[in-house]
Amino acid sequence: MLFSSMEFLFFFFPVVYGVYYLLKPGAQNYWLLLASLFFYAWGEPSFVLVLIASILINYGLALLIERNGDGSGKKKYLLILDIILNLGILFTFKYLNFTTGILRDLFPFVKGVIPATSIVLPIGISFFTFQALSYVIDVYRGGKAQKNPAYLGLYISLFPQLIAGPIVRYSTISGQIENREITFSSFSEGAMQFLRGLNKKMLLANVLAEAADRAFAAKELSVGMAWLGAICYAMQIYFDFSGYSDMAIGLGAMLGFRFEKNFDYPYISKTVTEFWRRWHISLGRWFRDYVYIPLGGSRVRSRGRLAFNLLFVWLLTGAWHGAEWTFLLWGGLHGLVIVLEKMLDIPARLEPGNRSALRGIYRIFTALVVLIGWVFFRADNLQAAWTYICAMVGGTGNALTDYSFEFFLRDYAVYIAAGILICTPVLERLKNWIQQKGNPRFSVCVEIVSDTAQVLLFIIGVSFLIMNSHNPFIYFNF
Amino acid sequence: MKQRWINRSRNIICVLFLIFVGVTAFLNRELFSGPLNEFLSGEMDFREMTEDIHNIFTGNQVNNRYAYINLNGLFARLSGRTKYNGAQLMNNGMLIYDALNTPKTEALAKGMIGFRDDLARLSIPFLFVAAPYKIPLSEDVLPDYVSVPDRLTNQAMNELIGKARDAGIKVTDLRQELSATREMLKRYFYRTDQHWTSDGAFRAFQILMDTLHETLPDVTEHYTDESLWMRNELPAHWLGSFGKKVGTYYAGKDSLIYHLPRFETDMSFAVPKHNRLTTGSFEEALIQEQYIYEKDFFNYNAYCVYIGGDYPITIHRNRRAPNDKKILLIKDSFMLPLESFLSTEFSEIIVIDPRHYQDSEIREYVLWNRPDLVLMMYNPSSISAGEYADLGTNAGMGLEETLLWEEPEVSILPGLAGDNCYRLPVHLSGGKTYRISLNQAALTRGDTQGFTAELYNTSLYLNDSSMIFDIEFCNEHGYNWTVKVPEDESEHELLIYAGMKGETQDIGLELSDISLYEVKEIGLAEESEGEKP
């Protein structure tokens with residue numbers, strides 16, 4: 001079920017939240033668990049069994065790990081077992097098709113032994129698997145295991161963040177599961193954040209997707225359209241994913257849960273390193289805490305080992321996004337640039353006070369790396385990505401502009417301009433400045449206008465849904 | 001203090017948001033409660049329920065759907081979208097198709113020329129009329145970035161006209177008079193629909209009557225003077241096909257224009273597919289009043305105020321026509337108002353829409369019915385549709401008839417049933433063609449203006465083809481119906497009803513000199529004495 005769907009907005013949301021607030025606090029968590037499982041089963045009922053299996057495995061093993069925290073080796077083996085089981089589930093559903101395909105292509109003689117597989121990917125499996133793993137690893141590291149399987153189930157399956165994040169740490173939420181307070185003001189703030197996310201998705205991501213899809217599907221692509229398509233895709237994926245995160249955080253807030261933010265205007269980053277502190281923050285932190293730091297992080301002795309750690313983490317990040325060479329290349333590209341930045345100490349050289357020309361040039365370089373990376377991310381395969389990039393630089397003998405480019409630039413100008421503006425913190429900083437410096441009455445008016453605009457845009461967004469607009473979430477593939 | 005006010009106002013706005021969600025959910029509760037109840041009662045599994053709810057919510061059943069479409073159109077317009085949801089906004093503020101298929105000029109020209117050759121062997125004049133188009137000849141009103149194929153439509157019609165004229169076909173190009181300039185478009189076309197207004201059709205009527213007089217010198221025009229007609233205009237009355245996709249605020253609403261004769265008329269209009277016969281004045285027979293007196297922007301296509309829509313075959317019969325001629329019109333949807341105007345001039349007009357007509361090949365229809373003239377009219381966008389080229393294969397034309405059965409008098413006695421009929425006592429073979437003829441029909445009881453003849457499939461219990469006869473007209477002009485029995489394994493029989501099928505209660509009908517012939521098509525060299533009189 002999509003948040004940006006009629007059935008969620010006018011069936012699931014009013015029913016679940018309505019019943020939630022009618023129930024006593026003791027029953028609310030069980031209702032949410034039931035609702036979350038229903039939410040997950042909506043797309044494909046059989047996959048809820050995978051989710052329940054994940055909950056039970058991690059519940060049982062975490063308890064065992066806690067019980068064996070007496071210094072014996074059992075605790076370590078239980079953790080290894082848990083990691084193997086979780087990653088095994090993930091591998092089976094997400095990477096088995098890819099792996100068998102590669103093996104059969106590389107070694108034709110195994111075709112008789114290794115069959116071609118076509119396992120369907122359960123939606124959000126990467127998210128809830130990583131969430132469950134983080135819980136068990138935290139228990140291994142001394143955290144307290146949850147005794148109530150329903151509460152653990154709620155943590156893993158809570159519908160706001162179940163299928164597209166943010167990846168929430170158990171420590172963040174454990175206290176809130178058993179005891180959370182909500183006021184109408186915090187509910188309203190959550191509602192506004194939900195609407196902001198929903199509007200980003202319906203009015204920006206879905207519309208800009210039309211330009212991106214046309215560019216990536218075109219048999220003949222002009223230079224202008226190639227660039228416009230890439231830029232529109234960059235905005236599409238940002239508004240799609242950050243919009244979903246905003247919706248998840250807002251929906252959680254409306255239930256009394258506080259999740260941390262997952263995006264912080266990544267496209268204003270000065271370096272690729274900074275980009276990953278602003279983009280999908282929860283994933284970056286997960287890999288940092290559970291892969292990078294256990295490998296030694298930045299505190300390794302040799303620069304070679306540091307480079308290896310960084311590259312390894314980013315290849316895994318790419319692989320996490322999908323079982324295709326394009327995702328690996330995307331992750332590898334980011335990893336390589338980050339290694340470069342670490343080795344040359346680029347972030348320090350770009351501190352304020354240092355040469356601003358270098359900062360400007362490097363900012364453009366960062367934007368290009370990110371943009372080219374998105375081309376790989378979006379393309380169907382490596383060949384298509386390469387052809388697209390060649391088109392961007394006129395390498396296919398293509399024209400500078402064409403009808404498609406002129407059409408999308410003219411007809412979608414408002415959306416492109418709004419998208420570029422909203423990718424930056426300009427509006428937020430302006431609002432903050434007015435709050436701090438402006439006339440109090442004017443500040444209040446600005447907030448009223450801003451909130452009212454979100455509700456009006458939401459109603460317009462509903463009209464888009466009814467017109468059967470283009471609506472898929474990109475990150476549901478992960 | 002400031003924060004308190006911000007929180008307070010935010011809470012109020014949040015309440016309004018929740019009220020909107022709650023009210024919308026309540027108004028649409030039946031959309032999900034139906035499938036949910038079926039799931040709970042075991043009639044549906046979980047996956048079916050979720051699919052059903054999703055399909056219902058994304059279908060056409062959401063409450064206040066049209067208000068949202070209007071809102072969406074308004075937002076699209078304000079955000080500068082010129083190509084939206086299947087419609088293209090032109091520089092002159094009018095809407096047109098957002099994309100067209102590749103024109104099939106060659107196929108259409110070939111079909112037309114072959115058809116003309118067949119008609120020529122029967123000495124039946126043929127006229128091709130190019131209907132006007134919403135893109136003027138003199139200038140480009142499409143935005144610069146509209147791709148090239150969409151600009152080719154007038155060019156494709158130019159090519160078709162060129163090929164037709166090269167083959168000696170008489171062509172009337174209405175574009176010159178009706179869509180040459182931007183001002184003509186404003187006058188003769190609807191803003192939110194692809195069609196011309198009644199003003200445009202009336203002007204075409206005037207031009208065509210001149211052309212028809214040139215082709216058939218004994219045809220004279222009587223009713224082309226505008227003063228003989230009353231022009232009616234209902235402002236902001238309807239939304240055309242494009243308008244329905246984008247709402248009332250995207251490009252505005254259209255006025256409905258229609259003409260009614262000031263002179264006396266007495267005619268009938270038959271739609272065999274719907275077993276419909278309307279008789280009386282022009283207004284009574286042809287005008288669909290619901291489009292005049294009721295407004296429904298999203299469900300009514302008021303362009304169909306004349307005759308009601310596109311049908312496979314329709315027959316206009318004029319009991320007071322100044323020109324005793326039978327004209328066959330082969331058409332697309334532009335013909336609706338024009339055939340109505342032409343019906344005031346001619347005693348019989350048969351109109352065939354190649355997209356829907358399947359009873360026979362059109363070439364066969366001409367051979368069986370021998371109209372005095374065949375007129376084919378298409379608008380430029382129809383050149384993209386393949387069906388218009390399919391008029392039948394080119395072959396020698398002639399008929400041989402064999403009398404199978406005849407009866408001097410047949411009485412259909414009144415009965416209580418709505419389908420009281422006479423079954424012709426002849427076995428019909430699949431793939432063969434038959435002609436019914438009769439001399440006179442007289443009511444012996446009850447009242448009806450016409451009656452239905454039907455080729456009935458007794459194996460599948462359905463109607464394969466039918467004809468509607470106007471008693472008053474046909475008693476003067478004759479009753480003939482040629483019909484082809486489908487070549488399949490079904491059994492068929494020919495039925496004549498005592499009135500309109502379904503409404504034969506208490507009606508008695510007497511038929512004089514009824515005959516049934518088997519009709520065979522033969523090459524011209526073998527034409528025999530058994531031809532249709």
# chains A, B, ... in the order shown; residues from 1 in each chain; ligands from 1
$ residues_around --residues "segment 424-435 of chain A" --least-positions-apart "5" --cutoff "10 Å" --atoms "only C-alpha atoms" --output "ChimeraX atom specification"
/A:264-268,419,440-444,446-447,450 /B:2-3
$ select_by_dssp --residues "segment 364-472 of chain B" --states "strand (DSSP E)" --output "PyMOL selection string"
chain B and resi 373-378+399-412+421-423+433-438+440-445+450-457+462-470
$ write_last_selection --atoms "N, CA and C atoms" --output "compact mmCIF listing (two decimals), in the first residue's frame"
# COMPACT_ATOMS: atom_id res chain seq x y z
N LEU B 373 -26.20 8.59 -55.52
CA LEU B 373 -24.89 9.21 -55.37
C LEU B 373 -24.28 8.70 -54.07
N VAL B 374 -22.97 8.56 -54.09
CA VAL B 374 -22.24 8.20 -52.86
C VAL B 374 -21.32 9.36 -52.52
N LEU B 375 -21.39 9.80 -51.28
CA LEU B 375 -20.55 10.89 -50.80
C LEU B 375 -19.75 10.37 -49.61
N MET B 376 -18.46 10.56 -49.69
CA MET B 376 -17.59 10.12 -48.59
C MET B 376 -16.97 11.37 -47.98
N MET B 377 -17.11 11.53 -46.67
CA MET B 377 -16.52 12.69 -46.02
C MET B 377 -15.72 12.26 -44.80
N TYR B 378 -14.46 12.66 -44.79
CA TYR B 378 -13.62 12.41 -43.62
C TYR B 378 -12.91 13.70 -43.24
N LEU B 399 -25.51 -8.39 -60.17
CA LEU B 399 -26.34 -9.22 -59.30
C LEU B 399 -27.19 -10.19 -60.12
N GLU B 400 -27.32 -11.36 -59.57
CA GLU B 400 -28.27 -12.32 -60.14
C GLU B 400 -29.19 -12.77 -59.01
N GLU B 401 -30.48 -12.72 -59.24
CA GLU B 401 -31.43 -13.04 -58.18
C GLU B 401 -32.27 -14.26 -58.56
N THR B 402 -32.52 -15.08 -57.56
CA THR B 402 -33.36 -16.27 -57.75
C THR B 402 -34.51 -16.19 -56.75
N LEU B 403 -35.71 -16.25 -57.27
CA LEU B 403 -36.87 -16.18 -56.38
C LEU B 403 -36.99 -17.48 -55.60
N LEU B 404 -37.06 -17.35 -54.29
CA LEU B 404 -37.15 -18.53 -53.43
C LEU B 404 -38.57 -18.73 -52.91
N TRP B 405 -39.23 -17.62 -52.69
CA TRP B 405 -40.55 -17.74 -52.06
C TRP B 405 -41.31 -16.46 -52.29
N GLU B 406 -42.62 -16.56 -52.44
CA GLU B 406 -43.43 -15.35 -52.48
C GLU B 406 -44.82 -15.65 -51.95
N GLU B 407 -45.48 -14.60 -51.52
CA GLU B 407 -46.81 -14.74 -50.93
C GLU B 407 -47.56 -13.46 -51.22
N PRO B 408 -48.71 -13.53 -51.78
CA PRO B 408 -49.43 -12.29 -52.10
C PRO B 408 -49.84 -11.50 -50.87
N GLU B 409 -50.14 -12.23 -49.78
CA GLU B 409 -50.57 -11.51 -48.60
C GLU B 409 -50.16 -12.27 -47.34
N VAL B 410 -49.64 -11.54 -46.42
CA VAL B 410 -49.28 -12.13 -45.12
C VAL B 410 -49.89 -11.24 -44.04
N SER B 411 -50.63 -11.87 -43.16
CA SER B 411 -51.22 -11.12 -42.05
C SER B 411 -50.53 -11.48 -40.75
N ILE B 412 -50.06 -10.47 -40.07
CA ILE B 412 -49.53 -10.71 -38.72
C ILE B 412 -50.63 -10.24 -37.77
N CYS B 421 -44.29 -11.68 -34.44
CA CYS B 421 -43.66 -11.52 -35.75
C CYS B 421 -44.06 -12.65 -36.69
N TYR B 422 -43.69 -12.47 -37.96
CA TYR B 422 -43.90 -13.49 -38.98
C TYR B 422 -42.54 -14.06 -39.37
N ARG B 423 -42.44 -15.39 -39.39
CA ARG B 423 -41.18 -16.04 -39.77
C ARG B 423 -41.27 -16.46 -41.22
N THR B 433 -26.65 -14.46 -49.58
CA THR B 433 -27.29 -13.15 -49.49
C THR B 433 -28.74 -13.26 -49.95
N TYR B 434 -29.61 -12.58 -49.23
CA TYR B 434 -31.03 -12.68 -49.55
C TYR B 434 -31.63 -11.27 -49.61
N ARG B 435 -32.68 -11.13 -50.41
CA ARG B 435 -33.40 -9.85 -50.46
C ARG B 435 -34.87 -10.09 -50.19
N ILE B 436 -35.38 -9.31 -49.24
CA ILE B 436 -36.83 -9.31 -48.99
C ILE B 436 -37.40 -8.11 -49.72
N SER B 437 -38.49 -8.32 -50.36
CA SER B 437 -39.19 -7.13 -50.87
C SER B 437 -40.67 -7.30 -50.61
N LEU B 438 -41.35 -6.18 -50.42
CA LEU B 438 -42.81 -6.24 -50.34
C LEU B 438 -43.38 -4.94 -50.90
N GLN B 440 -46.63 -3.38 -50.10
CA GLN B 440 -47.33 -2.48 -49.20
C GLN B 440 -47.41 -3.10 -47.82
N ALA B 441 -47.52 -2.21 -46.82
CA ALA B 441 -47.80 -2.66 -45.46
C ALA B 441 -48.97 -1.83 -44.95
N ALA B 442 -49.91 -2.48 -44.30
CA ALA B 442 -51.07 -1.74 -43.80
C ALA B 442 -51.38 -2.19 -42.39
N LEU B 443 -51.68 -1.24 -41.57
CA LEU B 443 -52.05 -1.56 -40.18
C LEU B 443 -53.48 -2.08 -40.16
N THR B 444 -53.65 -3.18 -39.48
CA THR B 444 -55.01 -3.69 -39.32
C THR B 444 -55.53 -3.40 -37.92
N ARG B 445 -54.60 -3.15 -37.04
CA ARG B 445 -54.99 -2.82 -35.67
C ARG B 445 -53.81 -2.11 -34.99
N GLY B 450 -43.63 2.40 -37.79
CA GLY B 450 -42.74 1.55 -38.57
C GLY B 450 -42.69 0.14 -38.03
N PHE B 451 -41.93 -0.72 -38.70
CA PHE B 451 -41.76 -2.09 -38.20
C PHE B 451 -40.35 -2.58 -38.50
N THR B 452 -39.98 -3.59 -37.76
CA THR B 452 -38.62 -4.13 -37.82
C THR B 452 -38.59 -5.42 -38.62
N ALA B 453 -37.58 -5.55 -39.47
CA ALA B 453 -37.26 -6.84 -40.09
C ALA B 453 -35.91 -7.27 -39.53
N GLU B 454 -35.77 -8.57 -39.27
CA GLU B 454 -34.58 -8.99 -38.53
C GLU B 454 -34.02 -10.30 -39.07
N LEU B 455 -32.70 -10.37 -39.14
CA LEU B 455 -32.04 -11.65 -39.39
C LEU B 455 -31.67 -12.18 -38.01
N TYR B 456 -32.35 -13.23 -37.60
CA TYR B 456 -32.22 -13.69 -36.22
C TYR B 456 -31.40 -14.97 -36.16
N ASN B 457 -30.45 -14.99 -35.26
CA ASN B 457 -29.59 -16.16 -35.04
C ASN B 457 -30.29 -17.06 -34.02
N LEU B 462 -29.70 -14.30 -30.85
CA LEU B 462 -29.40 -12.88 -30.94
C LEU B 462 -29.65 -12.37 -32.36
N ASN B 463 -29.70 -11.05 -32.42
CA ASN B 463 -29.96 -10.35 -33.67
C ASN B 463 -28.64 -10.20 -34.42
N ASP B 464 -28.59 -10.69 -35.66
CA ASP B 464 -27.37 -10.52 -36.45
C ASP B 464 -27.44 -9.28 -37.33
N SER B 465 -28.64 -8.90 -37.73
CA SER B 465 -28.79 -7.71 -38.54
C SER B 465 -30.26 -7.33 -38.55
N SER B 466 -30.56 -6.06 -38.79
CA SER B 466 -31.98 -5.69 -38.84
C SER B 466 -32.17 -4.46 -39.70
N MET B 467 -33.39 -4.23 -40.06
CA MET B 467 -33.77 -3.04 -40.81
C MET B 467 -35.06 -2.53 -40.22
N ILE B 468 -35.24 -1.21 -40.27
CA ILE B 468 -36.48 -0.59 -39.79
C ILE B 468 -37.14 0.10 -40.96
N PHE B 469 -38.41 -0.19 -41.17
CA PHE B 469 -39.14 0.42 -42.27
C PHE B 469 -40.11 1.46 -41.74
N ASP B 470 -40.12 2.59 -42.41
CA ASP B 470 -41.09 3.67 -42.13
C ASP B 470 -42.29 3.39 -43.03
$ interface_residues --of "chain A" --to "chain B" --cutoff "8 Å" --atoms "only C-alpha atoms" --output "PDB file with N, CA and C atoms, in the first residue's frame"
ATOM      1  N   MET A   6      -5.245   6.437  -2.681  1.00  0.00           N
ATOM      2  CA  MET A   6      -6.562   6.746  -2.143  1.00  0.00           C
ATOM      3  C   MET A   6      -6.904   5.803  -1.009  1.00  0.00           C
ATOM      4  N   GLU A   7      -6.547   4.511  -1.171  1.00  0.00           N
ATOM      5  CA  GLU A   7      -6.925   3.537  -0.137  1.00  0.00           C
ATOM      6  C   GLU A   7      -6.202   3.792   1.173  1.00  0.00           C
ATOM      7  N   LEU A   9      -5.053   6.959   2.171  1.00  0.00           N
ATOM      8  CA  LEU A   9      -5.481   8.244   2.714  1.00  0.00           C
ATOM      9  C   LEU A   9      -6.918   8.215   3.235  1.00  0.00           C
ATOM     10  N   PHE A  10      -7.783   7.459   2.549  1.00  0.00           N
ATOM     11  CA  PHE A  10      -9.199   7.548   2.908  1.00  0.00           C
ATOM     12  C   PHE A  10      -9.787   6.233   3.399  1.00  0.00           C
ATOM     13  N   PHE A  11      -8.949   5.273   3.634  1.00  0.00           N
ATOM     14  CA  PHE A  11      -9.416   4.023   4.224  1.00  0.00           C
ATOM     15  C   PHE A  11      -8.507   3.651   5.396  1.00  0.00           C
ATOM     16  N   PRO A  14      -7.627   6.916   8.164  1.00  0.00           N
ATOM     17  CA  PRO A  14      -8.680   7.292   9.115  1.00  0.00           C
ATOM     18  C   PRO A  14      -9.103   6.140  10.023  1.00  0.00           C
ATOM     19  N   TRP A  42      -0.980  -6.019   2.281  1.00  0.00           N
ATOM     20  CA  TRP A  42      -1.825  -5.429   1.246  1.00  0.00           C
ATOM     21  C   TRP A  42      -1.282  -5.690  -0.146  1.00  0.00           C
ATOM     22  N   GLY A  43      -0.011  -5.473  -0.358  1.00  0.00           N
ATOM     23  CA  GLY A  43       0.563  -5.648  -1.680  1.00  0.00           C
ATOM     24  C   GLY A  43       0.628  -7.111  -2.084  1.00  0.00           C
ATOM     25  N   GLU A  44       1.090  -7.949  -1.172  1.00  0.00           N
ATOM     26  CA  GLU A  44       1.248  -9.367  -1.462  1.00  0.00           C
ATOM     27  C   GLU A  44       1.126 -10.115  -0.146  1.00  0.00           C
ATOM     28  N   PRO A  45       0.000 -10.774   0.084  1.00  0.00           N
ATOM     29  CA  PRO A  45      -0.258 -11.379   1.399  1.00  0.00           C
ATOM     30  C   PRO A  45       0.805 -12.383   1.838  1.00  0.00           C
ATOM     31  N   PHE A 184      -1.757  17.496  21.094  1.00  0.00           N
ATOM     32  CA  PHE A 184      -2.352  17.808  19.801  1.00  0.00           C
ATOM     33  C   PHE A 184      -1.402  18.643  18.953  1.00  0.00           C
ATOM     34  N   SER A 185      -0.570  19.452  19.625  1.00  0.00           N
ATOM     35  CA  SER A 185       0.407  20.243  18.870  1.00  0.00           C
ATOM     36  C   SER A 185       1.412  19.346  18.175  1.00  0.00           C
ATOM     37  N   SER A 188      -0.276  17.713  15.327  1.00  0.00           N
ATOM     38  CA  SER A 188      -0.423  18.633  14.191  1.00  0.00           C
ATOM     39  C   SER A 188       0.896  18.811  13.454  1.00  0.00           C
ATOM     40  N   GLU A 189       1.973  18.903  14.208  1.00  0.00           N
ATOM     41  CA  GLU A 189       3.295  19.027  13.553  1.00  0.00           C
ATOM     42  C   GLU A 189       3.559  17.798  12.703  1.00  0.00           C
ATOM     43  N   ALA A 191       1.325  15.902  11.378  1.00  0.00           N
ATOM     44  CA  ALA A 191       0.428  15.951  10.227  1.00  0.00           C
ATOM     45  C   ALA A 191       1.003  16.850   9.139  1.00  0.00           C
ATOM     46  N   MET A 192       1.565  17.991   9.559  1.00  0.00           N
ATOM     47  CA  MET A 192       2.130  18.912   8.561  1.00  0.00           C
ATOM     48  C   MET A 192       3.342  18.293   7.875  1.00  0.00           C
ATOM     49  N   TYR A 403      12.540  18.171 -29.812  1.00  0.00           N
ATOM     50  CA  TYR A 403      11.184  18.539 -29.400  1.00  0.00           C
ATOM     51  C   TYR A 403      10.928  18.187 -27.948  1.00  0.00           C
ATOM     52  N   SER A 404      11.407  17.016 -27.542  1.00  0.00           N
ATOM     53  CA  SER A 404      11.157  16.579 -26.157  1.00  0.00           C
ATOM     54  C   SER A 404      11.752  17.565 -25.175  1.00  0.00           C
ATOM     55  N   GLU A 406      12.509  20.755 -25.606  1.00  0.00           N
ATOM     56  CA  GLU A 406      11.775  22.023 -25.597  1.00  0.00           C
ATOM     57  C   GLU A 406      10.432  21.877 -24.897  1.00  0.00           C
ATOM     58  N   PHE A 407       9.789  20.736 -25.148  1.00  0.00           N
ATOM     59  CA  PHE A 407       8.483  20.518 -24.548  1.00  0.00           C
ATOM     60  C   PHE A 407       8.590  20.464 -23.021  1.00  0.00           C
ATOM     61  N   ASP A 411       6.814  23.104 -20.730  1.00  0.00           N
ATOM     62  CA  ASP A 411       5.586  22.673 -20.065  1.00  0.00           C
ATOM     63  C   ASP A 411       5.790  22.351 -18.595  1.00  0.00           C
ATOM     64  N   TYR A 412       6.999  21.972 -18.229  1.00  0.00           N
ATOM     65  CA  TYR A 412       7.269  21.572 -16.856  1.00  0.00           C
ATOM     66  C   TYR A 412       8.115  22.607 -16.118  1.00  0.00           C
ATOM     67  N   ALA A 413       8.207  23.797 -16.683  1.00  0.00           N
ATOM     68  CA  ALA A 413       9.100  24.821 -16.126  1.00  0.00           C
ATOM     69  C   ALA A 413       8.779  25.106 -14.659  1.00  0.00           C
ATOM     70  N   VAL A 414       7.497  25.218 -14.355  1.00  0.00           N
ATOM     71  CA  VAL A 414       7.107  25.548 -12.978  1.00  0.00           C
ATOM     72  C   VAL A 414       7.559  24.447 -12.023  1.00  0.00           C
ATOM     73  N   TYR A 415       7.376  23.197 -12.447  1.00  0.00           N
ATOM     74  CA  TYR A 415       7.752  22.077 -11.576  1.00  0.00           C
ATOM     75  C   TYR A 415       9.268  21.989 -11.420  1.00  0.00           C
ATOM     76  N   PRO A 440       6.304  39.624  14.977  1.00  0.00           N
ATOM     77  CA  PRO A 440       5.659  38.394  15.460  1.00  0.00           C
ATOM     78  C   PRO A 440       4.383  38.048  14.717  1.00  0.00           C
ATOM     79  N   ARG A 441       3.575  39.093  14.449  1.00  0.00           N
ATOM     80  CA  ARG A 441       2.312  38.827  13.750  1.00  0.00           C
ATOM     81  C   ARG A 441       2.589  38.295  12.350  1.00  0.00           C
ATOM     82  N   SER A 443       5.223  36.707  11.420  1.00  0.00           N
ATOM     83  CA  SER A 443       5.730  35.338  11.561  1.00  0.00           C
ATOM     84  C   SER A 443       4.589  34.341  11.655  1.00  0.00           C
ATOM     85  N   VAL A 444       3.615  34.693  12.459  1.00  0.00           N
ATOM     86  CA  VAL A 444       2.463  33.799  12.616  1.00  0.00           C
ATOM     87  C   VAL A 444       1.737  33.652  11.287  1.00  0.00           C
ATOM     88  N   GLU A 447       3.477  31.285   8.988  1.00  0.00           N
ATOM     89  CA  GLU A 447       3.235  29.875   9.346  1.00  0.00           C
ATOM     90  C   GLU A 447       1.845  29.436   8.938  1.00  0.00           C
ATOM     91  N   ILE A 448       0.871  30.308   9.134  1.00  0.00           N
ATOM     92  CA  ILE A 448      -0.506  29.955   8.753  1.00  0.00           C
ATOM     93  C   ILE A 448      -0.588  29.736   7.248  1.00  0.00           C
ATOM     94  N   ASP A 451       1.196  26.418   6.354  1.00  0.00           N
ATOM     95  CA  ASP A 451       0.430  25.218   6.696  1.00  0.00           C
ATOM     96  C   ASP A 451      -0.811  25.086   5.819  1.00  0.00           C
ATOM     97  N   THR A 452      -1.478  26.204   5.586  1.00  0.00           N
ATOM     98  CA  THR A 452      -2.682  26.160   4.734  1.00  0.00           C
ATOM     99  C   THR A 452      -2.312  25.723   3.319  1.00  0.00           C
ATOM    100  N   VAL A 455      -2.065  22.021   3.049  1.00  0.00           N
ATOM    101  CA  VAL A 455      -3.364  21.336   2.984  1.00  0.00           C
ATOM    102  C   VAL A 455      -3.984  21.518   1.592  1.00  0.00           C
ATOM    103  N   ILE A 460      -5.006  19.211  -3.973  1.00  0.00           N
ATOM    104  CA  ILE A 460      -4.626  19.140  -5.392  1.00  0.00           C
ATOM    105  C   ILE A 460      -3.952  17.805  -5.677  1.00  0.00           C
ATOM    106  N   VAL A 462      -4.558  15.017  -4.220  1.00  0.00           N
ATOM    107  CA  VAL A 462      -5.625  14.013  -4.300  1.00  0.00           C
ATOM    108  C   VAL A 462      -6.231  14.030  -5.706  1.00  0.00           C
ATOM    109  N   SER A 463      -6.358  15.223  -6.276  1.00  0.00           N
ATOM    110  CA  SER A 463      -6.903  15.288  -7.640  1.00  0.00           C
ATOM    111  C   SER A 463      -5.978  14.588  -8.625  1.00  0.00           C
ATOM    112  N   PHE A 464      -4.670  14.642  -8.374  1.00  0.00           N
ATOM    113  CA  PHE A 464      -3.731  13.907  -9.218  1.00  0.00           C
ATOM    114  C   PHE A 464      -3.956  12.406  -9.081  1.00  0.00           C
ATOM    115  N   LEU A 465      -4.180  11.958  -7.859  1.00  0.00           N
ATOM    116  CA  LEU A 465      -4.423  10.525  -7.655  1.00  0.00           C
ATOM    117  C   LEU A 465      -5.657  10.094  -8.414  1.00  0.00           C
ATOM    118  N   ILE A 466      -6.669  10.916  -8.360  1.00  0.00           N
ATOM    119  CA  ILE A 466      -7.920  10.562  -9.035  1.00  0.00           C
ATOM    120  C   ILE A 466      -7.751  10.599 -10.548  1.00  0.00           C
ATOM    121  N   MET A 467      -6.857  11.417 -11.026  1.00  0.00           N
ATOM    122  CA  MET A 467      -6.598  11.455 -12.463  1.00  0.00           C
ATOM    123  C   MET A 467      -5.657  10.327 -12.871  1.00  0.00           C
ATOM    124  N   ASN A 468      -5.367   9.405 -11.964  1.00  0.00           N
ATOM    125  CA  ASN A 468      -4.504   8.247 -12.251  1.00  0.00           C
ATOM    126  C   ASN A 468      -3.133   8.670 -12.702  1.00  0.00           C
TER     127      ASN A 468
END
$ residues_around --residues "Lys331 of chain B" --least-positions-apart "2" --cutoff "12 Å" --atoms "only C-alpha atoms" --output "ChimeraX atom specification"
/B:128-131,310-314,328-329,333-339,350-357,362,374-379,382-383,387-389,391
$ residues_around --residues "Met225 of chain A" --least-positions-apart "5" --cutoff "7 Å" --atoms "only C-alpha atoms" --output "list in words"
Ala215, Thr401, Ser404 and Phe405 of chain A
$ write_last_selection --atoms "C-alpha atoms" --output "PDB file, in the first residue's frame"
ATOM      1  CA  ALA A 215      14.587  10.689 -21.373  1.00  0.00           C
ATOM      2  CA  THR A 401      18.085  19.985 -28.449  1.00  0.00           C
ATOM      3  CA  SER A 404      11.157  16.579 -26.157  1.00  0.00           C
ATOM      4  CA  PHE A 405      13.656  18.904 -24.545  1.00  0.00           C
TER       5      PHE A 405
END
$ residues_around --residues "Val113 of chain A" --least-positions-apart "3" --cutoff "12 Å" --atoms "only C-alpha atoms" --output "list in words"
Thr100, Leu103, Arg104, Phe107, Pro108, Phe109, Val110 and Ala116 of chain A
$ select_by_dssp --residues "segment 45-234 of chain A" --states "alpha helix (DSSP H)" --output "VMD selection string"
chain A and resid 47 to 67 74 to 90 96 to 106 125 to 140 149 to 157 159 to 162 170 to 178 184 to 199 206 to 217 223 to 234
$ residues_around --residues "segment 362-373 of chain A" --least-positions-apart "2" --cutoff "9 Å" --atoms "only C-alpha atoms" --output "PyMOL selection string"
chain A and resi 230-231+233-234+267-272+275+327+329-331+333-334+337+346+350+357-360+375-378+389
